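Below is one structure; the comments refer to it alone.
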Amino acid sequence: MLLALVLALGCVLGLLRPGAALADESPVRAQAAWVEVGQQATIEQASTRFAGQFKPAPAHTVFPVASGKTLWIRLRLQTEPGAAPDWGLDLPVPLLDFVTLYQPGPNGQWLAQRAGDTLAVASWSRPGRYASFDLNLPPGAPRDVYLQVRHRDPIGFELRIAPASALEQVRKVEYLPLGMILGTLLLLTAWCLIQAAIHRDPVYAWYSLYAAGMTLTMASITGVAGQLLWNQSPFWADRAQGALPIALAGINILFLRHLCLVDARYPKVDRVALATGILAVSMAFVYPWAEGWFSNALVSFSLLSSLVLTFVLAGLAWRRGDPVGGWVLLAYAPLALTILAVVVRLYGWIAATWLTFDASAVASAMAVPLLLGALNARSRDRHGVQTRVNKLTEQDALTGLLSSAMFERQLKNAVSGAIMRREAAAVVVLEVINLQRIRQSYGDAMAEQCLLRAVIKLHRVVRDSDPAGRIDTGRFGLILEGVNARDDLQERMVRLVSAGLTPSRGAKLDIPLQFHVACVLLSERVMTPALILRDLERLLAGMSPRTRRPIRFLEPDDGRAGAPSDVLETGARADRRGNSTAPGASSAPGSSRPDSDASTGGG
């Protein structure tokens with residue numbers, strides 16, 4: 001899986017760097033720069049009076065601009081003879097505060113095109129994710145153009161100059177992976193909200209908040225949000241690129257604190273994480289009005305503290321053998337590199353490149369589903385316990401069969417199918433009649449073991465799809481679907497009775513299990529579920545413990561069946577006499593011998 005993620009990251013990053021293919025077509029013949037201490041110089045002054053102040057500036061130079069300073073870049077451009085005059089210049093850095101391109105017009109006047117965060121994106125010369133300008137370069141003739149840049153921090157950036165059609169294609173290709181990333185994050189957000197509603201689990205709701213914050217932050221950093229969401233608000237377009245990452249860093253700390261669960265073993269670390277997360281979220285509200293070094297300090301502190309606490313919390317969880325820790329470490333490994341690159345770029349130690357913008361979006365897109373894997377690992381354990389608790393109302397805790405209430409519900413469905421759709425089924429109630437003697441002789445542990453053995457023997461004669469439940473201490477109910485003949489049912493019950501009396505292989509102490517079985521075919525006798533269970537239980541109660549006819553049937557509706565209230569009494573008299581059966585019940589075919597108190601029942 002890790003190899004697949006690395007390959008996917010490489011493919012997406014390759015799509016995010018299409019500008020590298022334009023390097024061979026660049027018409028730049030010389031590049032020089034001058035940092036003005038102030039903001040008073042005009043383009044006429046920069047091109048004449050201060051022309052001697054310009055110094056050669058290689059690509060990716062970090063310029064020491066700050067508040068109150070202006071960067072001027074002079075580019076000498078010359079295209080090949082016969083080349084088209086329509087060219088373009090892109091600065092693929094979404095966070096530049098103010099950029100103006102000056103190029104000479106046909107009448108000798110300087111033509112200006114403007115962009116930058118301090119201007120509404122809708123008012124740019126070419127609205128987009130970053131500053132983009134049109135160039136008119138006559139074939140074969142050299143021409144000087146000037147860039148005027150203002151920004152609050154030291155910064156270096158790439159200049160992308162190419163034919164207009166090629167640059168337009170590059171911009172379209174860049175939107176493809178960004179759309180995939182943001183779309184994936186939005187789908188994960190929606191899926192988490194659905195999971196929160198289905199499982200009624202607030203953890204998924206909190207994670208959807210985290211995923212939505214990550215989506216909005218990545219849209220802001222890559223310039224998509226500035227172009228599409230707040231293109232009329234230059235203040236927020238400028239400040240969102242710092243405020244949103246700070247808020248996300250705090251939310252990330254609080255989320256991981258809840259996910260890694262280190263409060264029991266490391267309460268001090270947990271308290272530090274809680275305080276730092278709340279502090280980072282609070283700093284997000286301060287950042288829009290912060291200036292200079294203080295704004296950089298807010299961003300650096302929030303990002304680095306989030307990164308450090310992420311690895312501390314994940315490491316402590318992983319150390320105790322929690323798989324969540326491994327998921328978090330895997331999720332944040334690539335994101336950590338991009339966060340460090342952002343902080344280093346913030347202080348002007350490296351130039352602003354795709355690594356500090358688009359690559360961070362890719363790393364975030366990888367982190368969000370991996371963190372979802374960690375969340376699923378945590379929720380799986382909690383939901384497993386909850387599911388087991390819920391199943392106690394549906395399943396018998398000892399045997400794993402249906403509970404009495406659930407068996408009655410299945411019986412209602414079977415009776416409804418027999419009445420409405422004439423579906424064939426048989427209902428069987430059986431009892432381990434020597435369970436009480438086993439409990440008195442060997443104790444509760446052996447009695448419970450015998451119940452489990454009885455369940456194993458039940459599964460030999462019923463299919464997995466046939467409902468089976470425990471309706472009393474040693475009494476079980478079965479619904480055998482598709483059975484419409486007594487011979488078939490009696491044969492299966494004979495095998496069950498015989499299996500109970502047969503010793504188990506390898507058992508040190510094997511105790512026979514004596515089954516008494518009461519049956520009814522729904523094709524012969526259709527009653528309400530409550531009446532069916534009552535008559536079958538009365539039929540069981542009418543059998544002598546030593547009866548030689550342990551399998552009996554309720555008579556069909558058109559037979560000579562006694563009243564249900566008489567079943568218990570007449571069945572008891574029949575066993576005492578040993579020469580008659582209970583009214584309303586018949587013995588199994590092939591077992592018409594009279595009962596004998598001196599013998600135990602067999603199949």
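Each chain of the structure tokens is named A, B, ... in the order shown, its residues numbered from 1; ligands are numbered from 1 in display order.
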Tell me, as a PyMOL selection string, which residues lie within 8 Å of Leu346 (chain A), counting only C-alpha atoms; anything in the same chain fewer than 4 positions away does not count. chain A and resi 153-155+296+342
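Within 8 Å of region 351-358 of chain A, once only C-alpha atoms are used and residues closer than 2 positions along the same chain are dropped, the contacting residues are Leu13, Leu16, Arg17, His60, Thr61, Val62, Pro92, Val93, Ile155, Gly156, Phe157, Glu158, Leu178, Ile221, Thr222, Thr338, Ile339, Ala341, Val342, Arg345, Gly348, Trp349, Ser360, Ala361 and Val362 of chain A.
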Residues near Gly105 (chain A), anyone? I mean within 12 Å using only C-alpha atoms, not counting same-chain ones fewer than 4 positions away, as a ChimeraX atom specification. /A:109-112,135-138,143-145
Can you pull out every residue within 12 Å of Met180 (chain A), counting only C-alpha atoms, but drop anything in the same chain fewer than 5 positions away, and send it as a PyMOL selection string? chain A and resi 12+15-16+173-175+185-187+215+219+361-362+365-366
Write down as an mmCIF file with N, CA, C and O atoms, in the first residue's frame the residues of region 327-435 of chain A whose backbone DSSP state falls under helix (DSSP H, G or I).
```
data_model
loop_
_atom_site.group_PDB
_atom_site.id
_atom_site.type_symbol
_atom_site.label_atom_id
_atom_site.label_comp_id
_atom_site.auth_asym_id
_atom_site.auth_seq_id
_atom_site.Cartn_x
_atom_site.Cartn_y
_atom_site.Cartn_z
ATOM 1 N N TRP A 327 -1.047 4.279 11.691
ATOM 2 C CA TRP A 327 -1.785 4.976 10.640
ATOM 3 C C TRP A 327 -1.455 6.466 10.631
ATOM 4 O O TRP A 327 -1.267 7.065 9.569
ATOM 5 N N VAL A 328 -1.409 7.072 11.810
ATOM 6 C CA VAL A 328 -1.142 8.512 11.885
ATOM 7 C C VAL A 328 0.276 8.821 11.423
ATOM 8 O O VAL A 328 0.507 9.798 10.691
ATOM 9 N N LEU A 329 1.248 8.014 11.824
ATOM 10 C CA LEU A 329 2.630 8.238 11.387
ATOM 11 C C LEU A 329 2.743 8.133 9.867
ATOM 12 O O LEU A 329 3.431 8.936 9.226
ATOM 13 N N LEU A 330 2.075 7.151 9.301
ATOM 14 C CA LEU A 330 2.110 6.992 7.849
ATOM 15 C C LEU A 330 1.429 8.162 7.150
ATOM 16 O O LEU A 330 1.895 8.638 6.107
ATOM 17 N N ALA A 331 0.343 8.664 7.728
ATOM 18 C CA ALA A 331 -0.400 9.758 7.098
ATOM 19 C C ALA A 331 0.398 11.054 7.094
ATOM 20 O O ALA A 331 0.344 11.826 6.125
ATOM 21 N N TYR A 332 1.164 11.307 8.150
ATOM 22 C CA TYR A 332 1.809 12.606 8.299
ATOM 23 C C TYR A 332 3.258 12.618 7.831
ATOM 24 O O TYR A 332 3.883 13.684 7.869
ATOM 25 N N ALA A 333 3.788 11.505 7.399
ATOM 26 C CA ALA A 333 5.185 11.507 6.933
ATOM 27 C C ALA A 333 5.383 12.445 5.742
ATOM 28 O O ALA A 333 6.268 13.320 5.776
ATOM 29 N N PRO A 334 4.584 12.331 4.655
ATOM 30 C CA PRO A 334 4.790 13.283 3.543
ATOM 31 C C PRO A 334 4.358 14.698 3.893
ATOM 32 O O PRO A 334 4.962 15.675 3.434
ATOM 33 N N LEU A 335 3.315 14.845 4.715
ATOM 34 C CA LEU A 335 2.842 16.181 5.068
ATOM 35 C C LEU A 335 3.861 16.923 5.911
ATOM 36 O O LEU A 335 3.965 18.158 5.836
ATOM 37 N N ALA A 336 4.628 16.198 6.721
ATOM 38 C CA ALA A 336 5.649 16.840 7.548
ATOM 39 C C ALA A 336 6.700 17.533 6.696
ATOM 40 O O ALA A 336 7.166 18.639 7.024
ATOM 41 N N LEU A 337 7.086 16.915 5.588
ATOM 42 C CA LEU A 337 8.093 17.518 4.718
ATOM 43 C C LEU A 337 7.580 18.820 4.113
ATOM 44 O O LEU A 337 8.309 19.816 4.038
ATOM 45 N N THR A 338 6.337 18.836 3.683
ATOM 46 C CA THR A 338 5.797 20.061 3.094
ATOM 47 C C THR A 338 5.609 21.156 4.141
ATOM 48 O O THR A 338 5.782 22.339 3.837
ATOM 49 N N ILE A 339 5.262 20.795 5.376
ATOM 50 C CA ILE A 339 5.121 21.802 6.432
ATOM 51 C C ILE A 339 6.470 22.438 6.746
ATOM 52 O O ILE A 339 6.583 23.668 6.890
ATOM 53 N N LEU A 340 7.507 21.622 6.820
ATOM 54 C CA LEU A 340 8.842 22.174 7.047
ATOM 55 C C LEU A 340 9.250 23.093 5.895
ATOM 56 O O LEU A 340 9.848 24.160 6.116
ATOM 57 N N ALA A 341 8.918 22.708 4.657
ATOM 58 C CA ALA A 341 9.247 23.561 3.506
ATOM 59 C C ALA A 341 8.498 24.886 3.580
ATOM 60 O O ALA A 341 9.049 25.940 3.242
ATOM 61 N N VAL A 342 7.255 24.862 4.053
ATOM 62 C CA VAL A 342 6.471 26.106 4.171
ATOM 63 C C VAL A 342 7.092 27.039 5.196
ATOM 64 O O VAL A 342 7.230 28.256 4.959
ATOM 65 N N VAL A 343 7.498 26.499 6.350
ATOM 66 C CA VAL A 343 8.091 27.338 7.394
ATOM 67 C C VAL A 343 9.434 27.905 6.932
ATOM 68 O O VAL A 343 9.737 29.091 7.149
ATOM 69 N N VAL A 344 10.243 27.075 6.284
ATOM 70 C CA VAL A 344 11.533 27.555 5.787
ATOM 71 C C VAL A 344 11.326 28.637 4.728
ATOM 72 O O VAL A 344 12.030 29.655 4.704
ATOM 73 N N ARG A 345 10.338 28.458 3.848
ATOM 74 C CA ARG A 345 10.045 29.473 2.846
ATOM 75 C C ARG A 345 9.543 30.776 3.475
ATOM 76 O O ARG A 345 9.830 31.882 3.009
ATOM 77 N N LEU A 346 8.813 30.651 4.585
ATOM 78 C CA LEU A 346 8.242 31.820 5.239
ATOM 79 C C LEU A 346 9.318 32.803 5.687
ATOM 80 O O LEU A 346 9.101 34.025 5.664
ATOM 81 N N TRP A 354 6.503 24.914 -6.263
ATOM 82 C CA TRP A 354 5.381 23.988 -6.210
ATOM 83 C C TRP A 354 5.389 23.161 -4.930
ATOM 84 O O TRP A 354 4.341 22.726 -4.454
ATOM 85 N N LEU A 355 6.579 22.955 -4.326
ATOM 86 C CA LEU A 355 6.661 22.135 -3.120
ATOM 87 C C LEU A 355 5.941 22.790 -1.954
ATOM 88 O O LEU A 355 5.394 22.093 -1.090
ATOM 89 N N THR A 356 5.921 24.124 -1.903
ATOM 90 C CA THR A 356 5.291 24.815 -0.781
ATOM 91 C C THR A 356 3.817 25.095 -1.011
ATOM 92 O O THR A 356 3.154 25.606 -0.115
ATOM 93 N N ASP A 358 1.395 23.388 -4.169
ATOM 94 C CA ASP A 358 0.661 22.266 -4.736
ATOM 95 C C ASP A 358 1.036 20.938 -4.080
ATOM 96 O O ASP A 358 0.184 20.074 -3.883
ATOM 97 N N ALA A 359 2.327 20.765 -3.744
ATOM 98 C CA ALA A 359 2.721 19.503 -3.112
ATOM 99 C C ALA A 359 2.081 19.342 -1.741
ATOM 100 O O ALA A 359 1.776 18.227 -1.309
ATOM 101 N N SER A 360 1.876 20.463 -1.033
ATOM 102 C CA SER A 360 1.204 20.364 0.266
ATOM 103 C C SER A 360 -0.242 19.909 0.097
ATOM 104 O O SER A 360 -0.782 19.194 0.953
ATOM 105 N N ALA A 361 -0.874 20.299 -1.008
ATOM 106 C CA ALA A 361 -2.235 19.837 -1.264
ATOM 107 C C ALA A 361 -2.256 18.333 -1.509
ATOM 108 O O ALA A 361 -3.150 17.617 -1.042
ATOM 109 N N VAL A 362 -1.269 17.829 -2.243
ATOM 110 C CA VAL A 362 -1.199 16.388 -2.498
ATOM 111 C C VAL A 362 -0.956 15.630 -1.197
ATOM 112 O O VAL A 362 -1.602 14.606 -0.918
ATOM 113 N N ALA A 363 -0.023 16.129 -0.375
ATOM 114 C CA ALA A 363 0.266 15.458 0.897
ATOM 115 C C ALA A 363 -0.959 15.461 1.798
ATOM 116 O O ALA A 363 -1.238 14.475 2.496
ATOM 117 N N SER A 364 -1.715 16.557 1.796
ATOM 118 C CA SER A 364 -2.932 16.619 2.605
ATOM 119 C C SER A 364 -3.976 15.649 2.093
ATOM 120 O O SER A 364 -4.672 14.994 2.878
ATOM 121 N N ALA A 365 -4.091 15.561 0.765
ATOM 122 C CA ALA A 365 -5.053 14.614 0.197
ATOM 123 C C ALA A 365 -4.704 13.178 0.550
ATOM 124 O O ALA A 365 -5.587 12.323 0.667
ATOM 125 N N MET A 366 -3.412 12.874 0.726
ATOM 126 C CA MET A 366 -3.012 11.539 1.159
ATOM 127 C C MET A 366 -3.262 11.342 2.646
ATOM 128 O O MET A 366 -3.621 10.247 3.092
ATOM 129 N N ALA A 367 -3.078 12.414 3.429
ATOM 130 C CA ALA A 367 -3.214 12.283 4.878
ATOM 131 C C ALA A 367 -4.655 12.043 5.297
ATOM 132 O O ALA A 367 -4.918 11.269 6.220
ATOM 133 N N VAL A 368 -5.604 12.697 4.630
ATOM 134 C CA VAL A 368 -6.999 12.615 5.062
ATOM 135 C C VAL A 368 -7.548 11.185 4.991
ATOM 136 O O VAL A 368 -8.108 10.683 5.964
ATOM 137 N N PRO A 369 -7.413 10.443 3.870
ATOM 138 C CA PRO A 369 -7.922 9.057 3.878
ATOM 139 C C PRO A 369 -7.148 8.140 4.806
ATOM 140 O O PRO A 369 -7.718 7.197 5.367
ATOM 141 N N LEU A 370 -5.839 8.380 4.995
ATOM 142 C CA LEU A 370 -5.078 7.548 5.924
ATOM 143 C C LEU A 370 -5.540 7.791 7.361
ATOM 144 O O LEU A 370 -5.631 6.851 8.168
ATOM 145 N N LEU A 371 -5.829 9.047 7.688
ATOM 146 C CA LEU A 371 -6.383 9.329 9.010
ATOM 147 C C LEU A 371 -7.765 8.703 9.163
ATOM 148 O O LEU A 371 -8.153 8.288 10.256
ATOM 149 N N LEU A 372 -8.503 8.640 8.065
ATOM 150 C CA LEU A 372 -9.797 7.954 8.120
ATOM 151 C C LEU A 372 -9.606 6.473 8.426
ATOM 152 O O LEU A 372 -10.417 5.868 9.130
ATOM 153 N N GLY A 373 -8.528 5.882 7.890
ATOM 154 C CA GLY A 373 -8.213 4.499 8.253
ATOM 155 C C GLY A 373 -7.946 4.354 9.736
ATOM 156 O O GLY A 373 -8.371 3.380 10.371
ATOM 157 N N ALA A 374 -7.229 5.325 10.320
ATOM 158 C CA ALA A 374 -6.989 5.296 11.766
ATOM 159 C C ALA A 374 -8.300 5.432 12.533
ATOM 160 O O ALA A 374 -8.524 4.740 13.538
ATOM 161 N N LEU A 375 -9.174 6.325 12.051
ATOM 162 C CA LEU A 375 -10.465 6.497 12.712
ATOM 163 C C LEU A 375 -11.303 5.230 12.633
ATOM 164 O O LEU A 375 -11.962 4.838 13.604
ATOM 165 N N ASN A 376 -11.276 4.563 11.486
ATOM 166 C CA ASN A 376 -12.032 3.313 11.345
ATOM 167 C C ASN A 376 -11.478 2.232 12.273
ATOM 168 O O ASN A 376 -12.234 1.432 12.830
ATOM 169 N N ALA A 377 -10.139 2.198 12.419
ATOM 170 C CA ALA A 377 -9.542 1.219 13.328
ATOM 171 C C ALA A 377 -9.998 1.459 14.757
ATOM 172 O O ALA A 377 -10.264 0.510 15.509
ATOM 173 N N ARG A 378 -10.086 2.745 15.146
ATOM 174 C CA ARG A 378 -10.554 3.066 16.494
ATOM 175 C C ARG A 378 -12.044 2.771 16.645
ATOM 176 O O ARG A 378 -12.471 2.183 17.643
ATOM 177 N N SER A 379 -12.840 3.170 15.652
ATOM 178 C CA SER A 379 -14.284 2.987 15.753
ATOM 179 C C SER A 379 -14.671 1.518 15.649
ATOM 180 O O SER A 379 -15.681 1.103 16.211
ATOM 181 N N ARG A 380 -13.861 0.732 14.914
ATOM 182 C CA ARG A 380 -14.171 -0.689 14.769
ATOM 183 C C ARG A 380 -14.183 -1.382 16.126
ATOM 184 O O ARG A 380 -15.068 -2.196 16.413
ATOM 185 N N ASP A 381 -13.210 -1.054 16.980
ATOM 186 C CA ASP A 381 -13.183 -1.668 18.304
ATOM 187 C C ASP A 381 -14.381 -1.235 19.136
ATOM 188 O O ASP A 381 -15.037 -2.048 19.791
ATOM 189 N N ARG A 382 -14.675 0.091 19.088
ATOM 190 C CA ARG A 382 -15.783 0.579 19.893
ATOM 191 C C ARG A 382 -17.119 0.051 19.383
ATOM 192 O O ARG A 382 -17.975 -0.368 20.162
ATOM 193 N N HIS A 383 -17.287 0.050 18.064
ATOM 194 C CA HIS A 383 -18.530 -0.454 17.516
ATOM 195 C C HIS A 383 -18.653 -1.959 17.715
ATOM 196 O O HIS A 383 -19.770 -2.486 17.824
ATOM 197 N N GLY A 384 -17.502 -2.659 17.742
ATOM 198 C CA GLY A 384 -17.556 -4.096 17.991
ATOM 199 C C GLY A 384 -18.117 -4.405 19.360
ATOM 200 O O GLY A 384 -18.961 -5.292 19.525
ATOM 201 N N VAL A 385 -17.658 -3.655 20.356
ATOM 202 C CA VAL A 385 -18.196 -3.837 21.706
ATOM 203 C C VAL A 385 -19.676 -3.484 21.744
ATOM 204 O O VAL A 385 -20.496 -4.201 22.324
ATOM 205 N N GLN A 386 -20.026 -2.357 21.089
ATOM 206 C CA GLN A 386 -21.425 -1.951 21.078
ATOM 207 C C GLN A 386 -22.294 -2.965 20.350
ATOM 208 O O GLN A 386 -23.416 -3.251 20.774
ATOM 209 N N THR A 387 -21.771 -3.526 19.267
ATOM 210 C CA THR A 387 -22.535 -4.525 18.530
ATOM 211 C C THR A 387 -22.759 -5.780 19.369
ATOM 212 O O THR A 387 -23.854 -6.360 19.373
ATOM 213 N N ARG A 388 -21.699 -6.178 20.084
ATOM 214 C CA ARG A 388 -21.865 -7.352 20.951
ATOM 215 C C ARG A 388 -22.895 -7.089 22.041
ATOM 216 O O ARG A 388 -23.675 -7.984 22.404
ATOM 217 N N VAL A 389 -22.908 -5.877 22.573
ATOM 218 C CA VAL A 389 -23.904 -5.550 23.590
ATOM 219 C C VAL A 389 -25.309 -5.564 22.979
ATOM 220 O O VAL A 389 -26.257 -6.087 23.566
ATOM 221 N N ASN A 390 -25.433 -4.985 21.777
ATOM 222 C CA ASN A 390 -26.749 -4.959 21.141
ATOM 223 C C ASN A 390 -27.244 -6.360 20.806
ATOM 224 O O ASN A 390 -28.441 -6.633 20.874
ATOM 225 N N LYS A 391 -26.311 -7.236 20.442
ATOM 226 C CA LYS A 391 -26.722 -8.594 20.071
ATOM 227 C C LYS A 391 -27.216 -9.394 21.263
ATOM 228 O O LYS A 391 -27.838 -10.445 21.086
ATOM 229 N N SER A 404 -35.222 -15.537 22.983
ATOM 230 C CA SER A 404 -36.632 -15.936 22.950
ATOM 231 C C SER A 404 -37.462 -14.934 22.166
ATOM 232 O O SER A 404 -38.313 -15.314 21.350
ATOM 233 N N ALA A 405 -37.217 -13.637 22.373
ATOM 234 C CA ALA A 405 -37.996 -12.611 21.671
ATOM 235 C C ALA A 405 -37.736 -12.655 20.163
ATOM 236 O O ALA A 405 -38.663 -12.542 19.358
ATOM 237 N N MET A 406 -36.476 -12.826 19.779
ATOM 238 C CA MET A 406 -36.160 -12.872 18.355
ATOM 239 C C MET A 406 -36.711 -14.134 17.706
ATOM 240 O O MET A 406 -37.142 -14.122 16.551
ATOM 241 N N PHE A 407 -36.721 -15.264 18.458
ATOM 242 C CA PHE A 407 -37.290 -16.485 17.890
ATOM 243 C C PHE A 407 -38.789 -16.325 17.655
ATOM 244 O O PHE A 407 -39.325 -16.779 16.633
ATOM 245 N N GLU A 408 -39.480 -15.669 18.587
ATOM 246 C CA GLU A 408 -40.907 -15.441 18.403
ATOM 247 C C GLU A 408 -41.162 -14.552 17.190
ATOM 248 O O GLU A 408 -42.151 -14.737 16.471
ATOM 249 N N ARG A 409 -40.270 -13.582 16.945
ATOM 250 C CA ARG A 409 -40.417 -12.737 15.763
ATOM 251 C C ARG A 409 -40.253 -13.565 14.483
ATOM 252 O O ARG A 409 -41.006 -13.394 13.521
ATOM 253 N N GLN A 410 -39.267 -14.481 14.475
ATOM 254 C CA GLN A 410 -39.090 -15.342 13.316
ATOM 255 C C GLN A 410 -40.282 -16.286 13.141
ATOM 256 O O GLN A 410 -40.688 -16.598 12.006
ATOM 257 N N LEU A 411 -40.849 -16.730 14.256
ATOM 258 C CA LEU A 411 -42.019 -17.605 14.188
ATOM 259 C C LEU A 411 -43.215 -16.865 13.585
ATOM 260 O O LEU A 411 -43.984 -17.444 12.802
ATOM 261 N N LYS A 412 -43.373 -15.597 13.924
ATOM 262 C CA LYS A 412 -44.444 -14.803 13.326
ATOM 263 C C LYS A 412 -44.284 -14.724 11.817
ATOM 264 O O LYS A 412 -45.264 -14.826 11.066
ATOM 265 N N ASN A 413 -43.049 -14.538 11.370
ATOM 266 C CA ASN A 413 -42.809 -14.481 9.934
ATOM 267 C C ASN A 413 -43.140 -15.814 9.265
ATOM 268 O O ASN A 413 -43.699 -15.846 8.154
ATOM 269 N N ALA A 414 -42.775 -16.910 9.935
ATOM 270 C CA ALA A 414 -43.063 -18.227 9.352
ATOM 271 C C ALA A 414 -44.567 -18.483 9.277
ATOM 272 O O ALA A 414 -45.080 -19.006 8.273
ATOM 273 N N VAL A 415 -45.308 -18.126 10.321
ATOM 274 C CA VAL A 415 -46.757 -18.311 10.321
ATOM 275 C C VAL A 415 -47.399 -17.437 9.258
ATOM 276 O O VAL A 415 -48.310 -17.867 8.535
ATOM 277 N N SER A 416 -46.901 -16.187 9.131
ATOM 278 C CA SER A 416 -47.432 -15.301 8.097
ATOM 279 C C SER A 416 -47.181 -15.871 6.703
ATOM 280 O O SER A 416 -48.056 -15.813 5.831
ATOM 281 N N GLY A 417 -45.985 -16.441 6.481
ATOM 282 C CA GLY A 417 -45.698 -17.050 5.184
ATOM 283 C C GLY A 417 -46.578 -18.250 4.904
ATOM 284 O O GLY A 417 -46.984 -18.483 3.762
ATOM 285 N N ALA A 418 -46.884 -19.028 5.949
ATOM 286 C CA ALA A 418 -47.740 -20.202 5.757
ATOM 287 C C ALA A 418 -49.171 -19.800 5.425
ATOM 288 O O ALA A 418 -49.848 -20.464 4.631
ATOM 289 N N ILE A 419 -49.638 -18.702 6.017
ATOM 290 C CA ILE A 419 -51.018 -18.267 5.777
ATOM 291 C C ILE A 419 -51.140 -17.531 4.449
ATOM 292 O O ILE A 419 -52.035 -17.815 3.641
ATOM 293 N N MET A 420 -50.222 -16.590 4.215
ATOM 294 C CA MET A 420 -50.356 -15.711 3.050
ATOM 295 C C MET A 420 -49.836 -16.356 1.775
ATOM 296 O O MET A 420 -50.427 -16.189 0.706
ATOM 297 N N LEU A 435 -31.280 -32.150 32.074
ATOM 298 C CA LEU A 435 -30.360 -31.056 32.395
ATOM 299 C C LEU A 435 -30.330 -30.778 33.893
ATOM 300 O O LEU A 435 -29.260 -30.506 34.463
#
```
Quick one: DSSP strand (DSSP E or B) residues in region 487-546 of chain A, as an MDAnalysis selection string? chainID A and resid 515:521
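CA of Pro202 (chain A) sits 29.3 Å away from CA of Val299 (chain A).
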Arg439 (chain A) surroundings by only C-alpha atoms, 12 Å radius, close-in-sequence under 6 positions cut, as a PDB file with N, CA and C atoms, in the first residue's frame:
```pdb
ATOM      1  N   VAL A 432     -33.876 -30.561  26.741  1.00  0.00           N
ATOM      2  CA  VAL A 432     -32.934 -31.498  27.352  1.00  0.00           C
ATOM      3  C   VAL A 432     -33.498 -31.808  28.729  1.00  0.00           C
ATOM      4  N   ILE A 433     -34.159 -32.948  28.858  1.00  0.00           N
ATOM      5  CA  ILE A 433     -34.935 -33.185  30.080  1.00  0.00           C
ATOM      6  C   ILE A 433     -34.076 -33.631  31.257  1.00  0.00           C
ATOM      7  N   ALA A 445     -21.140 -25.627  35.732  1.00  0.00           N
ATOM      8  CA  ALA A 445     -20.205 -25.595  34.605  1.00  0.00           C
ATOM      9  C   ALA A 445     -20.476 -26.744  33.641  1.00  0.00           C
ATOM     10  N   MET A 446     -20.695 -27.946  34.185  1.00  0.00           N
ATOM     11  CA  MET A 446     -20.977 -29.091  33.327  1.00  0.00           C
ATOM     12  C   MET A 446     -22.337 -28.936  32.659  1.00  0.00           C
ATOM     13  N   ALA A 447     -23.315 -28.349  33.346  1.00  0.00           N
ATOM     14  CA  ALA A 447     -24.626 -28.140  32.743  1.00  0.00           C
ATOM     15  C   ALA A 447     -24.523 -27.186  31.553  1.00  0.00           C
ATOM     16  N   GLU A 448     -23.750 -26.120  31.702  1.00  0.00           N
ATOM     17  CA  GLU A 448     -23.574 -25.199  30.582  1.00  0.00           C
ATOM     18  C   GLU A 448     -22.825 -25.859  29.428  1.00  0.00           C
ATOM     19  N   GLN A 449     -21.855 -26.703  29.758  1.00  0.00           N
ATOM     20  CA  GLN A 449     -21.131 -27.422  28.704  1.00  0.00           C
ATOM     21  C   GLN A 449     -22.079 -28.359  27.956  1.00  0.00           C
ATOM     22  N   CYS A 450     -22.981 -28.980  28.667  1.00  0.00           N
ATOM     23  CA  CYS A 450     -23.939 -29.869  28.013  1.00  0.00           C
ATOM     24  C   CYS A 450     -24.900 -29.089  27.116  1.00  0.00           C
ATOM     25  N   LEU A 451     -25.259 -27.869  27.521  1.00  0.00           N
ATOM     26  CA  LEU A 451     -26.088 -27.046  26.660  1.00  0.00           C
ATOM     27  C   LEU A 451     -25.372 -26.728  25.355  1.00  0.00           C
ATOM     28  N   THR A 473     -34.406 -22.357  29.821  1.00  0.00           N
ATOM     29  CA  THR A 473     -33.103 -22.804  30.312  1.00  0.00           C
ATOM     30  C   THR A 473     -32.551 -23.957  29.490  1.00  0.00           C
ATOM     31  N   GLY A 474     -33.303 -25.025  29.344  1.00  0.00           N
ATOM     32  CA  GLY A 474     -32.854 -26.160  28.552  1.00  0.00           C
ATOM     33  C   GLY A 474     -33.774 -26.471  27.401  1.00  0.00           C
ATOM     34  N   ILE A 511     -21.685 -37.325  29.055  1.00  0.00           N
ATOM     35  CA  ILE A 511     -22.989 -37.480  29.689  1.00  0.00           C
ATOM     36  C   ILE A 511     -24.044 -37.493  28.605  1.00  0.00           C
TER      37      ILE A 511
END
```
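If you measure from each of A:Gln490, A:Ser282, A:Thr502, A:Thr217 to Cys519 (chain A) using only C-alpha atoms, the closest one turns out to be A:Gln490.
Note that CA of Arg495 (chain A) and CA of Leu522 (chain A) are 21.6 Å apart.
Going from CA of Phe515 (chain A) to CA of Arg552 (chain A) covers 11.6 Å.
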Env of Trp34 (chain A): 10 Å cut, atoms = only C-alpha atoms, seq-sep filter 3 positions within chain, self excluded. Answer as a PyMOL selection string. chain A and resi 37+46+50-57+63+70-74+148
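Shortest separation to Gly226 (chain A) among A:Leu77, A:Ala314, A:Val461, A:Val121 occurs at residue A:Val121, atoms counted being only C-alpha atoms.
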For Trp124 (chain A), list every protein, DNA or RNA residue within 12 Å, evaluated using only C-alpha atoms, and leave out those in the same chain fewer than 6 positions away; present the list as a list in words. Phe98, Val99, Thr100, Leu101, Ala112, Gln113, Arg114, Ala115, Gly116, Asp117, Thr118, Tyr130, Ala131, Ser132, Phe133, Asp134, Gly226, Gln227, Asn231, Gln232 and Pro234 of chain A
